[in-house]
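Since the structure comes first, as structure tokens, the remarks are kept for the end.
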Protein chains: 4
Amino acid sequence: MTLRIGVIGTGAIGREHIHRITHKLKGAQVVAVNDVNTEQAQGVVRALDLEAKVYTTGAEVIQAADVDAVIVTSWGPTHEEFVLASIAAGKPVFCEKPLAVTAEGCRQIVEAEMAAGRKLVQVGFMRRFDYAYRQLKCVLEADTIGAPLILNCVHRNPEAPGFSGDMALTDSCVHEFDVLRWLLADDYISAQVIQPRRTRLCDDDSLQDPHVILLRTRQGVHISIESFVNCQYGYDIQCQVVGETGTANLPEPASVPVRREAKLSFDILVSWKDRFIDAFDVEFQEWIDATTRGEMTGPSAWDGYVVAMTSDACVKAKHSGQIEPIELPECPDFYTN
Amino acid sequence: MTLRIGVIGTGAIGREHIHRITHKLKGAQVVAVNDVNTEQAQGVVRALDLEAKVYTTGAEVIQAADVDAVIVTSWGPTHEEFVLASIAAGKPVFCEKPLAVTAEGCRQIVEAEMAAGRKLVQVGFMRRFDYAYRQLKCVLEADTIGAPLILNCVHRNPEAPGFSGDMALTDSCVHEFDVLRWLLADDYISAQVIQPRRTRLCDDDSLQDPHVILLRTRQGVHISIESFVNCQYGYDIQCQVVGETGTANLPEPASVPVRREAKLSFDILVSWKDRFIDAFDVEFQEWIDATTRGEMTGPSAWDGYVVAMTSDACVKAKHSGQIEPIELPECPDFYTN
Amino acid sequence: MTLRIGVIGTGAIGREHIHRITHKLKGAQVVAVNDVNTEQAQGVVRALDLEAKVYTTGAEVIQAADVDAVIVTSWGPTHEEFVLASIAAGKPVFCEKPLAVTAEGCRQIVEAEMAAGRKLVQVGFMRRFDYAYRQLKCVLEADTIGAPLILNCVHRNPEAPGFSGDMALTDSCVHEFDVLRWLLADDYISAQVIQPRRTRLCDDDSLQDPHVILLRTRQGVHISIESFVNCQYGYDIQCQVVGETGTANLPEPASVPVRREAKLSFDILVSWKDRFIDAFDVEFQEWIDATTRGEMTGPSAWDGYVVAMTSDACVKAKHSGQIEPIELPECPDFYTN
Amino acid sequence: MTLRIGVIGTGAIGREHIHRITHKLKGAQVVAVNDVNTEQAQGVVRALDLEAKVYTTGAEVIQAADVDAVIVTSWGPTHEEFVLASIAAGKPVFCEKPLAVTAEGCRQIVEAEMAAGRKLVQVGFMRRFDYAYRQLKCVLEADTIGAPLILNCVHRNPEAPGFSGDMALTDSCVHEFDVLRWLLADDYISAQVIQPRRTRLCDDDSLQDPHVILLRTRQGVHISIESFVNCQYGYDIQCQVVGETGTANLPEPASVPVRREAKLSFDILVSWKDRFIDAFDVEFQEWIDATTRGEMTGPSAWDGYVVAMTSDACVKAKHSGQIEPIELPECPDFYTN
């Protein structure tokens, strides 16, 4: 059985997912696409040699009789509408982050999904599917280092040309907000944001960079996330867990040890695509397989909502300079089963 | 277009490849299988839920009208016959190592293929498809460390229960014999085999283990391969190239750095399957894709022949204690294009 | 010329320094000793085979005509008195930390020394003399990673049997407070102390462990120090500097890479003595040499005062839960030259 | 008690040892010096501010009534004469390598020393005093990796301007010849020398570089030593022991991990002086201490003789292309106690 997919949004990321589904993964086929720029969507269909119909609106894609499931990779502010429409149509939907641009929007999706009575929504937080994070989670679950007390995380990009305002928090660190909860099976209760000395190596003089985000969990775990989006030297994701009896780190990507010119060196990646390309494949293959079985196993609408709440608290904390509470409602049974 | 494949030999490795093609890779389908144990073959068809016909003989698989290409994973001594039959039938054939159990057998396959006028044969040397070896080859081709002068290689297994006689050379090191020629784009001219102090941690008291194999190439590169099949501690494949301006090593598999009990430690793999599972996937996907395009891009019958000659020279060198020449004929144009 | 030294306090650390001066270092001789326990002092003189006179009081050591310089390794609360007496006697004095048990005591020493008109006091912060920290400082001074923005530091002990209250801050982290100012050539302006989830692996159930100390410098550098004095696994000192163009870490102590039982592992030290034994040698040799030349080049009374102020601010911040200012007076010219 | 030393040969290395004894080590004083260039010797006395008498001949240094022990750092071909004269005078003598320029010369020293009835001679093989080698030896002695089977060693210099002929074997690898016997507590029985493809990055077009030296020990351990004296990239000494249950490597010198320009890198040393400077200090301090106690604990005349025999066998093996036996006489009891 082949899962027939409709894709809303055929920009860079949408196109990549279409390519992935068509040429690398098993069990699915893209049969319908839409983009605000219809010509662009038609070009993708031609370029990737798809047997897919181009629709004028996202709503039509969702409604199309031969579409079993929907992927939303359109402009962020449109996500909420398309996810709600998919739920209304009773169709599974994979939505790239953000689930919605406001926490309130996320909450409405959560309520709509619960009202629909079955899990239909998965949010595109791909780190849970990264082999390195999964290795680290295995080490924690094997109780190799005892109960976690502290997490030290780093999220560095070589540069972030389009970044402005608080995007480091709302656009970039959201991946940490999702994956760390999953890693610890815990929730955040407060946030603080520190603004260290600014790098001068940034196009936008007014941009705060780096940030240090401090989170505290229900269990009392202290989390530090350094976000440095103009670090120059590479794309570098680090995560260290300090437990009662030891520490464990996210593995570094494998690279060729070279001895040359008085240095032993290892290449560092420079693009997030190279870092997480395999994770995207695993993410979509697992989504296709689960969806085909009638399940939903990845990050849920609730996870998307929690990330939005956390992101909001971080923005508030950044501007207040205070430790801000993160007051999450109790997770409904719907999402814990 | 889907490549329709017939598989001869449904033992452990055959079954894995069938699973791989059916559940992980794109563009191919197993439509015919055979095994000396017909019941076993039927069991695999059922267990993997295949729509494939079970044939009584390998010859029938090769002849079947709906079989576009053949995979030979039967008992080693039968390989030569099935590969020759595939060539005679004009069908592309992927043959697990060995291509034939004698160098003479390999030579006859080479001649049959040349007579057939197009490349049909690929031999199952999977290391060329391993990402780590490909990274290393990139570093060499970028001239990062200058011309290669010396290679230091290690092939260690935790234990090798069924090993006897010279199997370390003929069964295990053949992977090095293939991948190092490919890495260097060079050929061997002589072999020497050293028998160091024997490990006592081996079921078979009479087994020589470890071996050190020394090869010399046309370019004068000195290669050392340590084969240690009862090393106890793990499955460990290493390769270091010493060039005129630096050195480069095969990357170690990524693993979680753990600090615990007064040690910083990294897990070492214990099984070749874990080490090369991704390489098998890449190997078959590339073979499917190339075969579908009418090409043959992996290790050729010539490569299988050269490995057999090298293996023979190593066995001779082991027993003579001398440096033995490896006298390869010039590579025919058929195989260099 | 040999520097004739009087040592006040012949407990564990005093005895080690006497041994060091007598048997490992050049240019000095211990000629006078004192301890509250006179018998203990006599025992040390005998055990180490010293030609040294045992005095009943520290004051007599300081006054002794043949004593050129004084080392104070007595009980902390007595330091202030002996340092002031040494200054009054115009004799160079090396005082183990703390310089005084209160910031006010330190300030009085600073004033006494300035009144005396020449630098006489060095405080026993040995990390500035550690080769690893010096390597790291070289990398920073060579501008290899640009201007520092963030420091991530770790101070882990396997266990800390005698620790109580805020000793992690006042007794242990003082080494970081000193060495980080020196590393950055900067000063702290505020402190915050976070109390993460407590380890259960601690004799004293009421002890907060670990702590995370956050400092901010005049330049805006954000410093995080994890203090974890019951971490179980080893004695581990880490320091990472994040600069505008890269990062640099304190080197790990060299250790033998061992592959065994499916792990590649490196021993981690378990005692601060093994980690800093060489630093102590360098510290005292440089002090002997400088003192003989009439100079004072190590951590000054001012440095001791700043560390005490920082330590006080951290204790206050721990109990207030707030970010507390560190209001240092301008450093007098006397100490900047 | 101070050991009064006479130094014969005040060239670069002699001068360094004089400086070391005078300014860094305890318990010895240089009281007599000589050099073929008397003016040079006088210059060293002035430059290092020694209270030492300059003699016209080495023999006079040895005979001088106030000289307790002799250090020979003169031109290699003169070593034998000065060592024999020291033995004749009954004075302990430290001789830089080579002990004598021929194995026969070494043998005569061995016989003279045995005739004298007590150990007087130490040879300047400093690696036994290197902390890294000592750590490795500890790991072996703790039986961490089981019985050794194979050693893989590397000796790389960035360049070797004055090297000609077989100096890589006779001048450079002699350090491995000494330290590996000590590490294994074993002896060599045969040698083979392989001449890989030559580097073009060498001033002397006719120089063979690199070499691979293969040794076999009585216990059957296979040793491979790569000597590459124009490797360009750094001074790099490596040693890996493969045992029955694991492997252990010589630790790498500690260095600052830097992330910068898409690389994680660690500095590699470029000079043997930086690599072994601490080993020289330990070597001489231990020699001074042992000599003062009337003992001789470092590499003996017998060790010097064995290295000379090994070196001769390697040169022969290089030119014959054969495996050459190393036929050592049984070690006399005189040297085993």
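Starting from 1 in every chain, residues are counted up; chains themselves are A, B, ... following the order of the structure tokens, and ligands are numbered from 1 as listed.
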Residues of chain A within 12 Å of chain B, counting only C-alpha atoms, what are they? List them as a ChimeraX atom specification.
/A:20-28,131-140,143-146,238-267,278,281-282,285-286,289
Can you check which residues of stretch 105-229 of chain C DSSP gives as strand (DSSP E or B) on the backbone and send them as an MDAnalysis selection string?
chainID C and resid 121:123 148:156 188:194 211:217 222:228
Long-range neighbours of stretch 317-324 of chain A as a list in words, 9 Å cut-off, only C-alpha atoms, 2 positions minimum in chain
Asp166, Ile189, Ser190, Ala191, Gln192, Val193, Ile194, Gln195, His211, Ile213, Leu214, Asp312, Ala313, Cys314, Val315 and Ile326 of chain A
File dump, residues just selected, N, CA and C atoms, as a short mmCIF file (atom, residue, chain, number, x, y, z; two decimals), in the first residue's frame:
data_model
loop_
_atom_site.label_atom_id
_atom_site.label_comp_id
_atom_site.auth_asym_id
_atom_site.auth_seq_id
_atom_site.Cartn_x
_atom_site.Cartn_y
_atom_site.Cartn_z
N ASP A 166 14.31 38.38 17.87
CA ASP A 166 14.46 37.24 18.76
C ASP A 166 14.43 35.91 18.01
N ILE A 189 9.89 24.54 33.73
CA ILE A 189 9.05 25.36 34.61
C ILE A 189 9.46 26.84 34.63
N SER A 190 10.69 27.14 34.16
CA SER A 190 11.06 28.55 34.10
C SER A 190 12.16 28.78 33.08
N ALA A 191 12.29 30.04 32.69
CA ALA A 191 13.28 30.42 31.68
C ALA A 191 13.97 31.72 32.06
N GLN A 192 15.25 31.79 31.72
CA GLN A 192 16.01 33.03 31.89
C GLN A 192 16.87 33.18 30.65
N VAL A 193 17.08 34.41 30.20
CA VAL A 193 17.90 34.60 29.00
C VAL A 193 18.99 35.63 29.28
N ILE A 194 20.21 35.25 29.07
CA ILE A 194 21.36 36.13 29.31
C ILE A 194 21.90 36.61 27.97
N GLN A 195 22.25 37.89 27.95
CA GLN A 195 22.77 38.48 26.72
C GLN A 195 24.24 38.81 26.91
N HIS A 211 23.20 34.35 22.65
CA HIS A 211 22.32 34.31 23.81
C HIS A 211 22.70 33.09 24.65
N ILE A 213 20.42 30.71 27.10
CA ILE A 213 19.08 30.45 27.62
C ILE A 213 19.19 29.43 28.75
N LEU A 214 18.61 29.77 29.90
CA LEU A 214 18.62 28.86 31.04
C LEU A 214 17.20 28.38 31.30
N ASP A 312 7.82 31.59 23.91
CA ASP A 312 7.24 32.84 24.42
C ASP A 312 7.88 33.27 25.74
N ALA A 313 8.05 32.29 26.65
CA ALA A 313 8.65 32.62 27.95
C ALA A 313 10.08 33.11 27.78
N CYS A 314 10.81 32.55 26.84
CA CYS A 314 12.21 32.97 26.62
C CYS A 314 12.24 34.40 26.10
N VAL A 315 11.36 34.71 25.17
CA VAL A 315 11.33 36.08 24.64
C VAL A 315 11.02 37.06 25.77
N ILE A 326 7.25 29.20 33.35
CA ILE A 326 6.58 28.59 32.18
C ILE A 326 5.45 27.75 32.75
#
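Going from atom CA of D:Ala52 to atom CA of C:Met1 covers 17.3 Å.
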Quick one: residues within 10 Å of A:Val45, only C-alpha atoms counted, chain neighbours fewer than 4 positions away excluded, as a VMD selection string?
chain A and resid 10 15 18 30 to 33 39 to 41 49 to 54
Which of stretch 139-190 of chain B counts as helix (DSSP H, G or I) under DSSP, as a list in words please?
Val139, Leu140, Glu141, Met167, Ala168, Leu169, Thr170, Asp171, Ser172, Val174, His175, Glu176, Phe177, Asp178, Val179, Leu180, Arg181, Trp182, Leu183 and Leu184 of chain B
What lies within 8 Å of A:Gly76 using only C-alpha atoms, ignoring chain neighbours under 4 positions off, as a PDB file with all heavy atoms, in the first residue's frame?
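Wrote it out as out_17.pdb, contents follow:
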ATOM      1  N   LYS A  97       7.837  23.032  11.482  1.00  0.00           N
ATOM      2  CA  LYS A  97       7.743  24.019  12.552  1.00  0.00           C
ATOM      3  C   LYS A  97       7.660  25.403  11.938  1.00  0.00           C
ATOM      4  O   LYS A  97       8.267  25.619  10.891  1.00  0.00           O
ATOM      5  CB  LYS A  97       8.935  23.913  13.513  1.00  0.00           C
ATOM      6  CG  LYS A  97      10.302  24.106  12.843  1.00  0.00           C
ATOM      7  CD  LYS A  97      11.188  25.086  13.557  1.00  0.00           C
ATOM      8  CE  LYS A  97      12.419  25.331  12.756  1.00  0.00           C
ATOM      9  NZ  LYS A  97      12.739  26.723  12.477  1.00  0.00           N
ATOM     10  N   PRO A  98       6.953  26.385  12.519  1.00  0.00           N
ATOM     11  CA  PRO A  98       6.177  26.235  13.755  1.00  0.00           C
ATOM     12  C   PRO A  98       4.810  25.634  13.446  1.00  0.00           C
ATOM     13  O   PRO A  98       4.315  25.801  12.337  1.00  0.00           O
ATOM     14  CB  PRO A  98       6.021  27.682  14.229  1.00  0.00           C
ATOM     15  CG  PRO A  98       5.926  28.469  12.955  1.00  0.00           C
ATOM     16  CD  PRO A  98       6.843  27.764  11.986  1.00  0.00           C
ATOM     17  N   LEU A  99       4.268  24.972  14.435  1.00  0.00           N
ATOM     18  CA  LEU A  99       2.915  24.432  14.282  1.00  0.00           C
ATOM     19  C   LEU A  99       1.947  25.581  14.057  1.00  0.00           C
ATOM     20  O   LEU A  99       1.042  25.503  13.227  1.00  0.00           O
ATOM     21  CB  LEU A  99       2.553  23.656  15.561  1.00  0.00           C
ATOM     22  CG  LEU A  99       1.158  23.057  15.632  1.00  0.00           C
ATOM     23  CD1 LEU A  99       0.923  22.090  14.464  1.00  0.00           C
ATOM     24  CD2 LEU A  99       0.960  22.321  16.956  1.00  0.00           C
ATOM     25  N   ALA A 100       2.183  26.650  14.820  1.00  0.00           N
ATOM     26  CA  ALA A 100       1.428  27.900  14.602  1.00  0.00           C
ATOM     27  C   ALA A 100       2.328  29.011  15.105  1.00  0.00           C
ATOM     28  O   ALA A 100       3.244  28.757  15.892  1.00  0.00           O
ATOM     29  CB  ALA A 100       0.101  27.872  15.373  1.00  0.00           C
ATOM     30  N   VAL A 101       2.088  30.245  14.672  1.00  0.00           N
ATOM     31  CA  VAL A 101       3.009  31.313  15.066  1.00  0.00           C
ATOM     32  C   VAL A 101       2.740  31.832  16.474  1.00  0.00           C
ATOM     33  O   VAL A 101       3.514  32.632  16.989  1.00  0.00           O
ATOM     34  CB  VAL A 101       3.046  32.469  14.040  1.00  0.00           C
ATOM     35  CG1 VAL A 101       3.706  31.995  12.748  1.00  0.00           C
ATOM     36  CG2 VAL A 101       1.647  33.001  13.784  1.00  0.00           C
TER      37      VAL A 101
END
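Between atom CA of D:Ile237 and atom CA of D:Lys273 the separation is 12.4 Å.
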Can you pull out every residue within 8 Å of C:Glu80, counting only C-alpha atoms, but drop anything in the same chain fewer than 2 positions away, and send it as a PDB file with N, CA and C atoms, in the first residue's frame?
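What ended up in selection.pdb:
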ATOM      1  N   PRO C  77      41.963  31.019  59.418  1.00  0.00           N
ATOM      2  CA  PRO C  77      41.699  32.224  60.222  1.00  0.00           C
ATOM      3  C   PRO C  77      42.962  32.907  60.756  1.00  0.00           C
ATOM      4  N   THR C  78      44.102  32.242  60.723  1.00  0.00           N
ATOM      5  CA  THR C  78      45.332  32.869  61.226  1.00  0.00           C
ATOM      6  C   THR C  78      46.110  33.592  60.128  1.00  0.00           C
ATOM      7  N   PHE C  82      49.378  36.684  60.235  1.00  0.00           N
ATOM      8  CA  PHE C  82      50.765  36.393  59.852  1.00  0.00           C
ATOM      9  C   PHE C  82      51.197  37.190  58.617  1.00  0.00           C
ATOM     10  N   VAL C  83      50.247  37.401  57.710  1.00  0.00           N
ATOM     11  CA  VAL C  83      50.592  38.197  56.525  1.00  0.00           C
ATOM     12  C   VAL C  83      50.882  39.626  56.948  1.00  0.00           C
ATOM     13  N   LEU C  84      50.012  40.176  57.820  1.00  0.00           N
ATOM     14  CA  LEU C  84      50.231  41.555  58.291  1.00  0.00           C
ATOM     15  C   LEU C  84      51.559  41.669  59.036  1.00  0.00           C
ATOM     16  N   LEU C  99      43.611  34.480  51.631  1.00  0.00           N
ATOM     17  CA  LEU C  99      44.496  35.521  52.138  1.00  0.00           C
ATOM     18  C   LEU C  99      44.010  35.959  53.521  1.00  0.00           C
ATOM     19  N   ALA C 100      42.702  36.091  53.650  1.00  0.00           N
ATOM     20  CA  ALA C 100      42.057  36.348  54.949  1.00  0.00           C
ATOM     21  C   ALA C 100      40.659  35.775  54.840  1.00  0.00           C
ATOM     22  N   VAL C 101      40.017  35.501  55.945  1.00  0.00           N
ATOM     23  CA  VAL C 101      38.703  34.858  55.857  1.00  0.00           C
ATOM     24  C   VAL C 101      37.569  35.833  55.549  1.00  0.00           C
ATOM     25  N   GLY C 105      39.293  41.769  55.827  1.00  0.00           N
ATOM     26  CA  GLY C 105      40.662  41.386  56.194  1.00  0.00           C
ATOM     27  C   GLY C 105      41.613  41.520  55.018  1.00  0.00           C
ATOM     28  N   CYS C 106      41.170  41.097  53.866  1.00  0.00           N
ATOM     29  CA  CYS C 106      42.003  41.232  52.661  1.00  0.00           C
ATOM     30  C   CYS C 106      42.300  42.697  52.374  1.00  0.00           C
ATOM     31  N   ILE C 109      45.013  44.055  54.453  1.00  0.00           N
ATOM     32  CA  ILE C 109      46.330  43.609  53.974  1.00  0.00           C
ATOM     33  C   ILE C 109      46.762  44.455  52.785  1.00  0.00           C
TER      34      ILE C 109
END
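Shell of C:Pro299 at 10 Å, with only C-alpha atoms counted and residues fewer than 4 places along the chain excluded, is C:Phe94, C:Val121, C:Gln122, C:Val123, C:Gly124, C:Phe125, C:Met126, C:Arg128, C:Asp178, C:Val179, C:Trp182, C:Asp303, C:Gly304.
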Can I get the selection written as a compact mmCIF listing (two decimals), in the first residue's frame, with all heavy atoms?
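Saved file part-v3.txt follows:
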# COMPACT_ATOMS: atom_id res chain seq x y z
N PHE C 94 54.48 34.36 51.22
CA PHE C 94 53.60 33.56 50.36
C PHE C 94 52.52 32.99 51.26
O PHE C 94 52.82 32.26 52.21
CB PHE C 94 54.39 32.43 49.70
CG PHE C 94 53.55 31.56 48.82
CD1 PHE C 94 53.61 31.67 47.44
CD2 PHE C 94 52.67 30.61 49.37
CE1 PHE C 94 52.82 30.88 46.63
CE2 PHE C 94 51.87 29.83 48.55
CZ PHE C 94 51.94 29.96 47.18
N VAL C 121 53.41 40.48 49.12
CA VAL C 121 52.47 39.37 49.34
C VAL C 121 52.16 38.62 48.05
O VAL C 121 51.88 39.23 47.02
CB VAL C 121 51.15 39.91 49.93
CG1 VAL C 121 50.16 38.78 50.19
CG2 VAL C 121 51.42 40.72 51.19
N GLN C 122 52.22 37.27 48.10
CA GLN C 122 51.69 36.44 47.01
C GLN C 122 50.70 35.46 47.61
O GLN C 122 50.95 34.88 48.68
CB GLN C 122 52.83 35.71 46.28
CG GLN C 122 52.30 34.86 45.11
CD GLN C 122 53.39 34.39 44.16
OE1 GLN C 122 54.39 35.09 43.95
NE2 GLN C 122 53.22 33.21 43.60
N VAL C 123 49.57 35.25 46.90
CA VAL C 123 48.54 34.34 47.37
C VAL C 123 48.61 33.03 46.58
O VAL C 123 48.91 33.04 45.38
CB VAL C 123 47.13 34.97 47.24
CG1 VAL C 123 46.09 34.09 47.93
CG2 VAL C 123 47.13 36.37 47.86
N GLY C 124 48.32 31.94 47.27
CA GLY C 124 48.54 30.61 46.69
C GLY C 124 47.48 30.14 45.72
O GLY C 124 46.91 29.05 45.92
N PHE C 125 47.23 30.88 44.67
CA PHE C 125 46.35 30.40 43.59
C PHE C 125 47.24 29.78 42.53
O PHE C 125 47.85 30.47 41.72
CB PHE C 125 45.53 31.55 43.03
CG PHE C 125 44.51 32.09 43.99
CD1 PHE C 125 44.51 33.42 44.36
CD2 PHE C 125 43.53 31.25 44.53
CE1 PHE C 125 43.56 33.92 45.26
CE2 PHE C 125 42.58 31.74 45.43
CZ PHE C 125 42.60 33.08 45.80
N MET C 126 47.31 28.45 42.53
CA MET C 126 48.33 27.79 41.72
C MET C 126 47.95 27.59 40.27
O MET C 126 48.79 27.24 39.45
CB MET C 126 48.71 26.45 42.34
CG MET C 126 47.72 25.33 42.14
SD MET C 126 46.19 25.61 43.11
CE MET C 126 45.38 24.03 42.98
N ARG C 128 47.31 29.59 37.90
CA ARG C 128 48.03 30.45 36.96
C ARG C 128 49.36 29.85 36.53
O ARG C 128 49.97 30.29 35.55
CB ARG C 128 48.34 31.81 37.59
CG ARG C 128 47.13 32.59 38.04
CD ARG C 128 47.57 33.98 38.45
NE ARG C 128 46.46 34.73 39.06
CZ ARG C 128 46.46 36.05 39.21
NH1 ARG C 128 47.52 36.76 38.81
NH2 ARG C 128 45.44 36.66 39.74
N ASP C 178 39.89 33.22 40.71
CA ASP C 178 41.20 33.83 40.45
C ASP C 178 41.65 33.61 39.00
O ASP C 178 42.02 34.55 38.31
CB ASP C 178 42.27 33.26 41.38
CG ASP C 178 43.62 33.90 41.07
OD1 ASP C 178 43.74 35.12 41.26
OD2 ASP C 178 44.52 33.20 40.54
N VAL C 179 41.60 32.37 38.55
CA VAL C 179 42.27 32.07 37.27
C VAL C 179 41.52 32.65 36.07
O VAL C 179 42.15 33.00 35.06
CB VAL C 179 42.51 30.55 37.13
CG1 VAL C 179 41.26 29.81 36.65
CG2 VAL C 179 43.69 30.28 36.20
N TRP C 182 42.43 36.27 35.51
CA TRP C 182 43.78 36.30 34.95
C TRP C 182 43.76 35.91 33.48
O TRP C 182 44.40 36.53 32.63
CB TRP C 182 44.65 35.34 35.78
CG TRP C 182 45.95 34.97 35.19
CD1 TRP C 182 47.13 35.68 35.24
CD2 TRP C 182 46.26 33.77 34.46
NE1 TRP C 182 48.13 34.99 34.59
CE2 TRP C 182 47.62 33.82 34.11
CE3 TRP C 182 45.50 32.66 34.08
CZ2 TRP C 182 48.24 32.80 33.39
CZ3 TRP C 182 46.11 31.64 33.36
CH2 TRP C 182 47.46 31.72 33.03
N ASP C 303 44.59 40.60 44.22
CA ASP C 303 43.90 39.44 43.64
C ASP C 303 43.17 38.66 44.74
O ASP C 303 42.04 38.23 44.55
CB ASP C 303 44.89 38.54 42.91
CG ASP C 303 45.54 39.22 41.71
OD1 ASP C 303 44.83 39.96 41.01
OD2 ASP C 303 46.75 39.03 41.50
N GLY C 304 43.82 38.51 45.87
CA GLY C 304 43.18 37.81 46.98
C GLY C 304 41.94 38.55 47.45
O GLY C 304 40.91 37.94 47.77
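Here atom CA of A:Pro325 is placed at a distance of 14.5 Å from atom CA of A:Ile223.
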